[in-house]
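**Student:** Data: data.cif, mmCIF, C-alpha atoms.
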```
data_data
#
loop_
_atom_site.label_atom_id
_atom_site.label_comp_id
_atom_site.auth_asym_id
_atom_site.auth_seq_id
_atom_site.Cartn_x
_atom_site.Cartn_y
_atom_site.Cartn_z
CA MET A 1 254.64 77.55 45.60
CA GLU A 2 251.40 76.06 46.76
CA ASN A 3 248.55 77.94 48.40
CA ILE A 4 247.79 75.15 50.82
CA ARG A 5 247.07 74.86 54.51
CA ILE A 6 246.86 71.94 56.90
CA SER A 7 245.20 72.12 60.29
CA ASN A 8 247.10 71.77 63.57
CA MET A 9 245.14 68.61 64.36
CA GLN A 10 246.34 67.14 61.07
CA LEU A 11 249.92 68.04 61.98
CA THR A 12 249.58 66.25 65.34
CA VAL A 13 248.30 63.14 63.57
CA ILE A 14 251.10 63.33 60.98
CA VAL A 15 253.73 63.72 63.72
CA MET A 16 252.35 60.64 65.47
CA LEU A 17 252.28 58.53 62.29
CA VAL A 18 255.77 59.62 61.17
CA SER A 19 257.16 58.98 64.63
CA ILE A 20 255.68 55.47 64.71
CA GLY A 21 256.63 54.97 61.05
CA ASP A 22 258.84 51.97 60.48
CA THR A 23 259.88 51.69 64.12
CA ILE A 24 256.94 49.73 65.54
CA LEU A 25 258.13 46.50 63.91
CA VAL A 26 261.91 46.75 64.05
CA LEU A 27 262.58 48.78 67.21
CA PRO A 28 261.77 46.17 69.93
CA SER A 29 264.42 43.81 68.55
CA MET A 30 267.00 46.58 68.14
CA ILE A 31 266.58 47.95 71.67
CA SER A 32 266.40 44.51 73.29
CA SER A 33 269.71 43.51 71.73
CA ILE A 34 271.35 46.47 73.53
CA ALA A 35 269.41 46.97 76.76
CA GLU A 36 268.05 43.40 77.08
CA ARG A 37 265.38 43.14 79.81
CA ASN A 38 265.65 46.84 80.59
CA ALA A 39 264.65 47.87 77.07
CA TRP A 40 261.35 49.19 78.36
CA ILE A 41 263.27 51.62 80.63
CA SER A 42 265.26 52.76 77.56
CA ALA A 43 261.92 53.45 75.88
CA LEU A 44 260.73 55.54 78.83
CA ILE A 45 264.02 57.51 78.84
CA SER A 46 263.56 58.12 75.11
CA ILE A 47 260.09 59.56 75.72
CA CYS A 48 261.80 62.20 77.89
CA ILE A 49 264.62 62.96 75.40
CA GLY A 50 262.54 62.84 72.20
CA PRO A 51 260.23 65.80 72.83
CA ALA A 52 263.31 67.93 73.59
CA VAL A 53 264.57 67.18 70.07
CA CYS A 54 261.16 68.10 68.67
CA LEU A 55 261.26 71.38 70.62
CA LEU A 56 264.43 72.17 68.67
CA PHE A 57 262.47 71.88 65.41
CA ALA A 58 259.75 74.12 66.88
CA SER A 59 262.36 76.69 67.97
CA LEU A 60 263.77 76.85 64.45
CA GLN A 61 260.25 77.33 63.13
CA SER A 62 259.38 80.09 65.61
CA ARG A 63 262.72 81.87 64.93
CA PHE A 64 262.15 81.73 61.17
CA PRO A 65 258.37 81.53 60.72
CA GLY A 66 256.99 80.50 57.34
CA MET A 67 260.33 79.20 56.07
CA THR A 68 261.46 75.69 55.24
CA PRO A 69 264.98 74.51 56.20
CA VAL A 70 266.03 75.17 52.57
CA GLN A 71 265.03 78.84 52.84
CA ILE A 72 266.41 79.15 56.38
CA SER A 73 269.81 77.72 55.29
CA ARG A 74 270.01 80.23 52.45
CA ALA A 75 269.01 83.14 54.69
CA VAL A 76 271.38 82.21 57.50
CA LEU A 77 274.42 80.65 55.83
CA GLY A 78 274.44 82.70 52.64
CA LYS A 79 273.97 81.64 49.04
CA TRP A 80 276.75 79.08 48.61
CA MET A 81 277.00 77.49 52.04
CA GLY A 82 273.23 77.71 52.41
CA ASN A 83 272.62 75.91 49.14
CA VAL A 84 275.10 73.16 50.05
CA ALA A 85 273.48 72.67 53.48
CA ALA A 86 270.00 72.71 51.94
CA PHE A 87 271.03 70.23 49.23
CA LEU A 88 272.46 67.83 51.83
CA PHE A 89 269.36 68.22 54.01
CA VAL A 90 266.95 67.55 51.15
CA PHE A 91 268.78 64.81 49.26
CA GLY A 92 270.80 63.36 52.14
CA PHE A 93 268.35 63.37 55.02
CA VAL A 94 264.81 63.64 53.65
CA PHE A 95 265.18 61.78 50.35
CA LEU A 96 267.42 58.99 51.62
CA MET A 97 264.71 57.98 54.05
CA VAL A 98 262.50 56.87 51.14
CA PRO A 99 264.78 54.01 49.96
CA MET A 100 265.57 53.03 53.55
CA LEU A 101 261.86 52.72 54.38
CA MET A 102 261.21 50.94 51.11
CA ARG A 103 263.93 48.40 51.83
CA GLU A 104 262.47 47.72 55.28
CA LEU A 105 259.03 47.27 53.76
CA GLY A 106 260.33 45.01 50.98
CA ASP A 107 262.29 42.82 53.40
CA PHE A 108 259.27 42.49 55.68
CA MET A 109 256.82 41.63 52.90
CA THR A 110 259.11 39.10 51.22
CA THR A 111 260.18 37.35 54.44
CA GLN A 112 256.88 37.34 56.37
CA ILE A 113 253.86 37.75 54.12
CA MET A 114 254.66 37.11 50.44
CA PRO A 115 257.85 35.00 50.29
CA ASN A 116 257.49 34.07 46.63
CA THR A 117 256.96 37.62 45.35
CA PRO A 118 260.06 39.42 43.98
CA ILE A 119 261.03 42.37 46.16
CA GLU A 120 261.03 44.70 43.12
CA ILE A 121 257.30 44.14 42.68
CA VAL A 122 256.67 45.13 46.31
CA TYR A 123 258.76 48.27 45.80
CA PHE A 124 257.03 49.15 42.58
CA LEU A 125 253.45 48.64 43.81
CA PHE A 126 254.08 50.63 46.98
CA LEU A 127 255.85 53.40 45.07
CA VAL A 128 252.90 53.81 42.70
CA ILE A 129 250.59 54.72 45.60
CA VAL A 130 253.25 56.87 47.26
CA VAL A 131 253.83 58.84 44.05
CA ARG A 132 250.05 59.14 43.60
CA GLY A 133 249.77 60.52 47.15
CA VAL A 134 252.58 63.03 46.61
CA ARG A 135 251.11 64.21 43.32
CA SER A 136 247.73 64.71 45.04
CA GLY A 137 249.38 67.24 47.35
CA LEU A 138 249.86 67.88 51.03
CA GLU A 139 246.22 68.60 51.91
CA PRO A 140 244.85 65.23 50.67
CA LEU A 141 247.76 63.47 52.39
CA ALA A 142 247.00 65.24 55.67
CA ARG A 143 243.26 64.51 55.37
CA SER A 144 243.88 60.82 54.71
CA ALA A 145 246.27 60.72 57.68
CA GLU A 146 243.44 62.12 59.81
CA ILE A 147 241.18 59.30 58.60
CA PHE A 148 243.66 56.47 59.10
CA ALA A 149 245.23 57.56 62.42
CA PRO A 150 242.23 56.45 64.56
CA TRP A 151 242.49 53.02 62.93
CA VAL A 152 246.15 52.79 63.82
CA LEU A 153 245.39 53.73 67.43
CA MET A 154 242.37 51.42 67.67
CA LEU A 155 244.21 48.41 66.23
CA SER A 156 247.17 49.07 68.55
CA VAL A 157 244.91 49.22 71.60
CA LEU A 158 243.21 45.97 70.51
CA LEU A 159 246.62 44.32 70.17
CA VAL A 160 247.62 45.43 73.67
CA ILE A 161 244.33 44.20 75.19
CA PHE A 162 244.50 40.80 73.49
CA VAL A 163 248.13 40.18 74.49
CA LEU A 164 247.64 41.19 78.16
CA PRO A 165 246.90 37.60 79.38
CA ASP A 166 250.32 36.41 78.12
CA ILE A 167 252.33 38.96 80.13
CA ARG A 168 254.83 37.51 82.64
CA LEU A 169 256.51 40.26 84.66
CA TYR A 170 259.39 38.08 85.94
CA ARG A 171 260.84 38.24 82.40
CA ILE A 172 261.90 41.87 82.89
CA GLU A 173 263.46 41.42 86.33
CA PRO A 174 265.88 42.50 87.79
CA LEU A 175 266.01 46.20 86.96
CA PHE A 176 269.34 47.81 85.94
CA TYR A 177 271.17 44.51 86.44
CA GLN A 178 273.94 45.60 84.03
CA GLY A 179 274.10 49.23 85.05
CA LEU A 180 272.88 52.36 83.32
CA ALA A 181 275.08 52.27 80.18
CA PRO A 182 273.11 49.59 78.23
CA VAL A 183 269.85 51.29 79.16
CA LEU A 184 271.10 54.60 77.75
CA GLY A 185 272.52 52.75 74.73
CA GLY A 186 269.08 51.27 74.11
CA ALA A 187 267.61 54.77 74.01
CA TYR A 188 269.94 55.65 71.11
CA PRO A 189 268.04 53.86 68.26
CA PHE A 190 264.67 54.77 69.79
CA VAL A 191 265.41 58.51 69.82
CA ALA A 192 267.04 58.36 66.38
CA PHE A 193 264.27 56.54 64.52
CA SER A 194 261.24 57.89 66.34
CA TYR A 195 262.23 61.48 67.01
CA PHE A 196 265.15 62.61 64.82
CA GLU A 197 263.24 61.53 61.72
CA VAL A 198 260.32 63.79 62.66
CA GLY A 199 262.74 66.48 61.43
CA ILE A 200 261.55 65.84 57.87
CA LEU A 201 258.31 67.59 58.87
CA MET A 202 260.19 70.91 59.08
CA MET A 203 259.59 70.98 55.33
CA ILE A 204 255.81 71.27 55.87
CA PHE A 205 255.73 73.55 58.94
CA PRO A 206 255.18 76.67 56.80
CA TYR A 207 251.86 75.21 55.64
CA VAL A 208 250.35 74.77 59.10
CA LYS A 209 247.38 77.05 59.83
CA GLU A 210 248.44 78.23 63.28
CA PRO A 211 252.27 78.18 63.51
CA LYS A 212 252.24 79.16 67.19
CA LYS A 213 250.69 75.82 68.10
CA ILE A 214 253.32 73.72 66.28
CA ARG A 215 255.24 73.21 69.52
CA SER A 216 252.27 71.65 71.32
CA ASN A 217 251.34 69.62 68.21
CA LEU A 218 254.85 68.15 68.16
CA LEU A 219 254.76 67.36 71.87
CA ILE A 220 251.36 65.65 71.76
CA GLY A 221 252.20 63.67 68.60
CA THR A 222 255.55 62.43 69.88
CA LEU A 223 254.14 61.64 73.33
CA LEU A 224 251.35 59.51 71.84
CA SER A 225 253.73 57.63 69.56
CA GLY A 226 256.26 57.21 72.37
CA LEU A 227 253.65 55.68 74.66
CA LEU A 228 252.47 53.34 71.93
CA LEU A 229 255.99 52.21 71.02
CA SER A 230 256.95 51.79 74.68
CA SER A 231 253.92 49.62 75.35
CA VAL A 232 254.74 47.44 72.32
CA ILE A 233 258.34 47.04 73.57
CA PHE A 234 257.06 46.23 77.08
CA LEU A 235 254.68 43.61 75.67
CA CYS A 236 257.41 42.00 73.55
CA LEU A 237 259.71 41.74 76.59
CA THR A 238 257.09 40.39 78.96
CA VAL A 239 255.62 37.93 76.47
CA PHE A 240 258.74 36.62 74.69
CA GLY A 241 261.49 37.57 77.14
CA PRO A 242 264.54 39.72 76.25
CA ASN A 243 266.60 37.05 74.44
CA VAL A 244 263.86 35.92 72.07
CA THR A 245 262.84 39.55 71.40
CA ALA A 246 266.44 40.41 70.48
CA ASP A 247 266.79 37.35 68.22
CA LEU A 248 263.54 37.90 66.31
CA MET A 249 263.55 40.22 63.32
CA TYR A 250 259.96 41.45 63.80
CA PRO A 251 258.95 40.62 67.39
CA SER A 252 255.85 42.83 67.45
CA TYR A 253 254.52 41.07 64.35
CA LEU A 254 254.98 37.70 66.03
CA LEU A 255 253.43 39.14 69.18
CA ALA A 256 250.14 39.45 67.33
CA ARG A 257 250.51 35.81 66.27
CA LYS A 258 250.37 34.82 69.94
CA ILE A 259 246.81 36.11 70.27
CA GLU A 260 244.38 33.26 70.74
CA ILE A 261 240.94 33.80 72.20
CA GLY A 262 238.57 30.86 72.57
CA GLU A 263 240.02 29.00 69.56
CA PHE A 264 238.08 31.23 67.17
CA LEU A 265 240.16 34.43 67.22
CA GLN A 266 243.74 33.58 66.25
CA ARG A 267 246.50 34.36 63.72
CA ILE A 268 245.56 38.03 63.58
CA GLU A 269 249.14 39.21 63.07
CA VAL A 270 248.00 40.95 59.95
CA ILE A 271 246.64 43.66 62.32
CA MET A 272 250.24 44.59 63.04
CA ALA A 273 251.07 44.52 59.34
CA ILE A 274 248.15 46.87 58.57
CA ILE A 275 249.27 49.35 61.26
CA TRP A 276 252.78 49.26 59.84
CA LEU A 277 251.68 49.69 56.23
CA PHE A 278 249.61 52.76 57.15
CA THR A 279 252.39 54.43 59.13
CA ILE A 280 255.15 53.61 56.65
CA TYR A 281 253.00 54.89 53.77
CA PHE A 282 252.57 58.30 55.39
CA LYS A 283 256.20 58.54 56.41
CA MET A 284 257.39 57.62 52.93
CA SER A 285 254.92 59.94 51.19
CA LEU A 286 255.88 62.89 53.38
CA CYS A 287 259.59 62.20 52.80
CA LEU A 288 259.06 62.16 49.05
CA TYR A 289 256.84 65.26 49.26
CA GLY A 290 259.51 67.06 51.31
CA THR A 291 262.17 66.09 48.77
CA CYS A 292 260.11 67.36 45.84
CA LEU A 293 259.33 70.61 47.67
CA GLY A 294 262.97 71.04 48.69
CA ALA A 295 264.20 70.34 45.14
CA ALA A 296 261.75 72.88 43.73
CA GLN A 297 262.89 75.52 46.23
CA LEU A 298 266.56 74.74 45.64
CA PHE A 299 266.33 74.99 41.86
CA HIS A 300 263.61 77.71 41.72
CA LEU A 301 261.02 75.57 39.95
CA ARG A 302 257.31 76.30 39.63
CA ASP A 303 256.02 72.72 39.71
CA MET A 304 257.33 70.36 42.37
CA LYS A 305 255.09 67.36 41.77
CA LEU A 306 256.71 66.21 38.55
CA PHE A 307 259.83 65.17 40.47
CA ALA A 308 257.91 62.59 42.48
CA PHE A 309 258.12 59.93 39.82
CA PRO A 310 261.80 60.20 38.77
CA LEU A 311 262.89 60.41 42.43
CA ALA A 312 260.80 57.34 43.24
CA LEU A 313 262.57 55.47 40.43
CA ILE A 314 265.98 56.43 41.80
CA SER A 315 264.97 55.46 45.35
CA MET A 316 263.87 52.03 44.11
CA VAL A 317 267.40 51.36 42.87
CA ILE A 318 269.03 52.74 46.04
CA ALA A 319 266.72 50.57 48.17
CA ASP A 320 267.78 47.41 46.39
CA ARG A 321 271.48 48.31 46.35
CA SER A 322 271.65 49.61 49.94
CA ALA A 323 272.64 46.24 51.41
CA PRO A 324 273.23 42.72 50.09
CA ASN A 325 270.83 41.14 52.59
CA ILE A 326 268.53 41.86 55.51
CA THR A 327 271.25 41.20 58.14
CA ALA A 328 273.66 43.68 56.57
CA PHE A 329 270.85 46.21 56.25
CA THR A 330 269.92 45.85 59.95
CA HIS A 331 273.60 46.32 60.84
CA ILE A 332 273.67 49.63 58.91
CA ILE A 333 270.43 51.04 60.26
CA SER A 334 271.17 50.14 63.86
CA GLY A 335 274.78 51.35 63.77
CA ALA A 336 275.93 54.30 61.71
CA TYR A 337 272.59 55.51 60.33
CA PRO A 338 271.25 57.08 63.58
CA LEU A 339 274.40 59.23 63.71
CA PHE A 340 273.67 60.39 60.19
CA ASP A 341 270.13 61.32 61.31
CA PHE A 342 271.64 63.18 64.28
CA THR A 343 273.69 65.39 61.93
CA PHE A 344 270.61 66.73 60.15
CA ALA A 345 268.02 66.58 62.92
CA VAL A 346 270.11 68.10 65.71
CA LEU A 347 273.42 69.57 64.49
CA LEU A 348 272.00 71.42 61.48
CA PRO A 349 269.11 73.12 63.38
CA VAL A 350 271.50 74.04 66.23
CA LEU A 351 273.97 75.47 63.69
CA LEU A 352 271.23 77.46 61.94
CA LEU A 353 269.89 78.83 65.23
CA ALA A 354 273.38 79.74 66.48
CA VAL A 355 274.57 81.38 63.25
CA GLY A 356 271.18 83.10 62.87
CA ALA A 357 271.52 84.57 66.37
CA LEU A 358 275.15 85.63 65.80
CA ARG A 359 274.46 87.23 62.45
CA LYS A 360 271.09 88.58 63.63
CA THR A 361 269.47 87.22 60.46
CA PRO A 362 266.02 88.78 60.00
CA ALA A 363 263.14 86.29 59.93
CA LYS A 364 261.35 86.85 56.65
CA ALA A 365 257.95 85.22 56.33
CA GLN A 366 257.90 83.43 53.01
CA VAL A 367 254.90 81.16 53.43
CA GLY A 368 254.77 78.81 50.52
CA SER A 369 257.13 80.75 48.34
CA GLY A 370 259.66 78.96 46.23
CA MET B 1 263.39 41.04 33.06
CA GLY B 2 259.60 40.87 32.79
CA GLN B 3 259.25 42.96 35.94
CA ALA B 4 261.68 45.52 34.56
CA ALA B 5 259.70 45.75 31.35
CA ILE B 6 256.41 46.32 33.22
CA ALA B 7 258.02 48.93 35.48
CA LEU B 8 259.58 50.77 32.55
CA PHE B 9 256.28 50.75 30.64
CA PHE B 10 254.49 52.48 33.51
CA CYS B 11 257.42 54.86 33.93
CA LEU B 12 257.13 55.79 30.29
CA LEU B 13 253.41 56.53 30.65
CA PHE B 14 254.06 58.90 33.56
CA ALA B 15 256.96 60.52 31.73
CA VAL B 16 255.01 61.13 28.50
CA LYS B 17 252.15 62.69 30.47
CA ASP B 18 254.49 65.13 32.22
CA THR B 19 256.53 65.91 29.10
CA VAL B 20 253.41 66.93 27.16
CA ARG B 21 252.46 69.41 29.88
CA LEU B 22 255.99 70.79 30.10
CA LYS B 23 256.15 71.75 26.43
CA GLU B 24 255.09 75.33 27.24
CA LYS B 25 257.93 77.86 27.15
CA LYS B 26 257.47 79.03 30.75
CA TYR B 27 258.27 75.53 31.97
CA ARG B 28 261.66 75.37 30.22
CA ARG B 29 263.63 75.08 33.46
CA GLU B 30 261.21 72.47 34.86
CA ASN B 31 261.50 70.52 31.62
CA ALA B 32 265.29 70.44 31.81
CA PHE B 33 265.32 69.25 35.42
CA PHE B 34 262.61 66.71 34.76
CA ILE B 35 264.50 65.20 31.82
CA CYS B 36 267.74 65.11 33.86
CA THR B 37 266.22 63.33 36.86
CA LEU B 38 264.20 60.97 34.70
CA THR B 39 267.27 60.05 32.63
CA LEU B 40 269.22 59.45 35.83
CA GLY B 41 266.39 57.25 37.11
CA PHE B 42 266.22 55.22 33.89
CA VAL B 43 270.00 54.79 33.69
CA MET B 44 270.19 53.66 37.34
CA LEU B 45 267.28 51.27 36.92
CA SER B 46 268.70 49.78 33.72
CA LEU B 47 272.16 49.31 35.26
CA HIS B 48 270.52 47.74 38.29
CA PHE B 49 268.52 45.24 36.24
CA PHE B 50 271.67 44.23 34.36
CA ASP B 51 273.40 43.68 37.73
CA ILE B 52 276.05 46.35 37.16
CA PRO B 53 277.34 47.48 40.58
CA LEU B 54 276.39 51.05 41.51
CA PRO B 55 277.78 53.18 44.33
CA THR B 56 275.01 54.11 46.77
CA PRO B 57 274.76 56.86 49.40
CA ILE B 58 274.41 54.18 52.06
CA GLU B 59 278.03 53.10 51.44
CA ALA B 60 279.16 56.69 51.88
CA ILE B 61 277.22 56.98 55.15
CA GLN B 62 278.73 53.73 56.38
CA ALA B 63 282.23 54.91 55.42
CA ILE B 64 281.84 58.30 57.15
CA TYR B 65 279.78 57.42 60.21
CA GLY B 66 280.87 53.78 60.71
CA PRO B 67 284.21 54.62 62.40
CA VAL B 68 282.51 57.27 64.57
CA TYR B 69 279.93 54.71 65.68
CA GLU B 70 282.62 52.12 66.43
CA MET B 71 284.48 54.69 68.53
CA LEU B 72 281.34 55.64 70.49
CA PHE B 73 280.42 51.97 70.94
CA GLY B 74 283.90 51.18 72.30
CA TRP B 75 283.66 54.16 74.60
CA THR B 76 280.28 52.97 75.96
CA LEU B 77 281.71 49.49 76.59
CA ALA B 78 284.68 51.02 78.42
CA ILE B 79 282.35 53.00 80.69
CA GLN B 80 280.33 49.90 81.40
CA LYS B 81 283.46 48.02 82.56
#
```
Write out the structure in this file as structure tokens.
**Tutor:**
Amino acid sequence: MENIRISNMQLTVIVMLVSIGDTILVLPSMISSIAERNAWISALISICIGPAVCLLFASLQSRFPGMTPVQISRAVLGKWMGNVAAFLFVFGFVFLMVPMLMRELGDFMTTQIMPNTPIEIVYFLFLVIVVRGVRSGLEPLARSAEIFAPWVLMLSVLLVIFVLPDIRLYRIEPLFYQGLAPVLGGAYPFVAFSYFEVGILMMIFPYVKEPKKIRSNLLIGTLLSGLLLSSVIFLCLTVFGPNVTADLMYPSYLLARKIEIGEFLQRIEVIMAIIWLFTIYFKMSLCLYGTCLGAAQLFHLRDMKLFAFPLALISMVIADRSAPNITAFTHIISGAYPLFDFTFAVLLPVLLLAVGALRKTPAKAQVGSG
Amino acid sequence: MGQAAIALFFCLLFAVKDTVRLKEKKYRRENAFFICTLTLGFVMLSLHFFDIPLPTPIEAIQAIYGPVYEMLFGWTLAIQK
């Protein structure tokens, strides 16, 4: 379909940005409400589980090199079942992430930064740049990710350094005071949002220059994001304490508000907002790109980019209709939604690998073909 | 309604640009799919702006996975006790 290539370095950066994605703002509160003061241990456990999930994506890629999940489903499950599985993967998993991310962004902007602006305007303005990015293609998206990723890392490190004086370690004591179950429960949203959703990148694996290095790219990207997210969770717990972290909607955003150096450097919470806008932009753009690519492969179309705009329109409506308010939306994304992610990020790849092995499906290289 | 009008105006600009390019015969299939998705988008957006309730995939996810989550959650609580 497109004669494009992205470098392995760009893939690592993309993996990191997608894995951080929307989670950096909402995850600390979600995990703290389950694991309380041991949320940081849940984060560390997730760093061990997450890369294993990403290795599953790499295994599927190495078993069927140069093929997207749409093509793999067709090759493994046959025409009818394969098309149904591919349709659900593209429009259920990859596409549905766009309105979910958009809703999170809209809620954040209208509750924290621009309370008098209608949420539809936030959706619309953000969608214009997302659609523009998708229509530019994968290579420009990957190049811009390479430019913005150091900023995300640098701003995150600055945040950590500035908040260090406010850390009080007694707030996370004692360890495992409620047993292991809440700690493992806390790992559930972390793994789902940070690692399962990296599964959308299976749509772009065929365009990576050196496919053999995808495994290490995934591991490095997820490790970096995991460390960053864990340190943000640790900071939230040690600065605010577990109860306040769980009660706040965006604790990491308020964490940045705590920074005060010599009465001249204060109220720099917008640093956190900038990090989040960068990461959510790339995640949303890649989701929409994956949907357009998947739709083009499903329906045998020559041009995938023209779907970006109509799909963005549809996602705008879904975002607004997904929940009546921010509390109901948080209930959905922290409850049933991770299980839905699990179906497509773990069960589907396992099914494809198992059926592919049983049927001895030949791996046909179809790099970039529709 | 002002926001809807602005949004629809920009949508129309995008749509016209794509439709002009898709007039060639070899893009017949693309044209059909483009018109279908765009119509769906416009209809959904219009219904949304007139506050007509629409079923969303999120409700379906909640209906399918909600009970499974409740069961797993209950199971985790039982283990904890």
**Student:** How many Å separate CA of Ile333 in chain A from CA of Tyr253 in chain A?
**Tutor:** 19.2 Å
**Student:** Check the smallest atom-to-atom distance from each of B:Ala32, B:Ile52, B:Ala60, B:Leu38 to chain A using all atoms listed in the file, then report the winner.
**Tutor:**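 Ranking B:Ala32, B:Ile52, B:Ala60, B:Leu38 by distance to chain A, first place goes to B:Leu38.
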**Student:** Counting all atoms listed in the file, I want the residues whose atoms come within 9 Å of (271.5, 60.1, 66.8) in the file frame, returned as a PyMOL selection string.
**Tutor:** chain A and resi 188-189+191-193+196+336-343+345-346
**Student:** Go ahead and save the picked residues with C-alpha atoms, as a PDB file, in the coordinates of the input.
**Tutor:**
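Okay, result.pdb is ready:
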```pdb
ATOM      1  CA  TYR A 188     269.940  55.650  71.110  1.00  0.00           C
ATOM      2  CA  PRO A 189     268.040  53.860  68.260  1.00  0.00           C
ATOM      3  CA  VAL A 191     265.410  58.510  69.820  1.00  0.00           C
ATOM      4  CA  ALA A 192     267.040  58.360  66.380  1.00  0.00           C
ATOM      5  CA  PHE A 193     264.270  56.540  64.520  1.00  0.00           C
ATOM      6  CA  PHE A 196     265.150  62.610  64.820  1.00  0.00           C
ATOM      7  CA  ALA A 336     275.930  54.300  61.710  1.00  0.00           C
ATOM      8  CA  TYR A 337     272.590  55.510  60.330  1.00  0.00           C
ATOM      9  CA  PRO A 338     271.250  57.080  63.580  1.00  0.00           C
ATOM     10  CA  LEU A 339     274.400  59.230  63.710  1.00  0.00           C
ATOM     11  CA  PHE A 340     273.670  60.390  60.190  1.00  0.00           C
ATOM     12  CA  ASP A 341     270.130  61.320  61.310  1.00  0.00           C
ATOM     13  CA  PHE A 342     271.640  63.180  64.280  1.00  0.00           C
ATOM     14  CA  THR A 343     273.690  65.390  61.930  1.00  0.00           C
ATOM     15  CA  ALA A 345     268.020  66.580  62.920  1.00  0.00           C
ATOM     16  CA  VAL A 346     270.110  68.100  65.710  1.00  0.00           C
TER      17      VAL A 346
END
```
**Student:** With the PyMOL selection byres ((chain A and resi 222-224) around 7) as the selection, what would be picked from this file? Answer as a list in words, please.
**Tutor:**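 Applied to this file, the PyMOL selection byres ((chain A and resi 222-224) around 7) returns Val15, Met16, Ser19, Ile47, Pro51, Leu218, Leu219, Ile220, Gly221, Ser225, Gly226, Leu227 and Leu228 of chain A.
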**Student:** At a cut-off of 10 Å, which residues of chain A touch chain B? Count only C-alpha atoms and give the answer as a PyMOL selection string.
**Tutor:** chain A and resi 91-92+96+99-100+118+120-121+124-125+128+178-182+184-185+295-296+299-323+329+332-333+335-340
**Student:** Expanded to explicit residues, what is the PyMOL selection byres ((chain A and resi 31-43) around 10) for this file, as a PyMOL selection string?
**Tutor:** chain A and resi 26-30+44-49+170-191+226-227+229-238+241-248+334
**Student:** Quick one: what's the axis-aligned box for range 57-70 of chain B, all listed atoms, 8 Å on every side, centre and edges in Å to one decimal, as JSON?
**Tutor:**
```
{"center_x": 279.3, "center_y": 55.2, "center_z": 57.9, "size_x": 25.8, "size_y": 22.2, "size_z": 33.0}
```
**Student:** From the set A:Leu159, A:Ser73, A:Ile20, A:Phe57, which residue has the shortest atom-to-atom contact distance to Glu260 in chain A, counting all atoms listed in the file?
**Tutor:**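 Closest residue, counting all atoms listed in the file: A:Leu159.
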**Student:** Quick check, in Å to one decimal: how far apart do CA of Gln71 in chain A and CA of Leu88 in chain A lie?
**Tutor:**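 Between CA of Gln71 in chain A and CA of Leu88 in chain A the gap is 13.3 Å.
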**Student:** So how many Å separate CA of Ile129 in chain A and CA of Leu105 in chain A, to one decimal?
**Tutor:**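 Here the two named atoms are 13.9 Å from each other.
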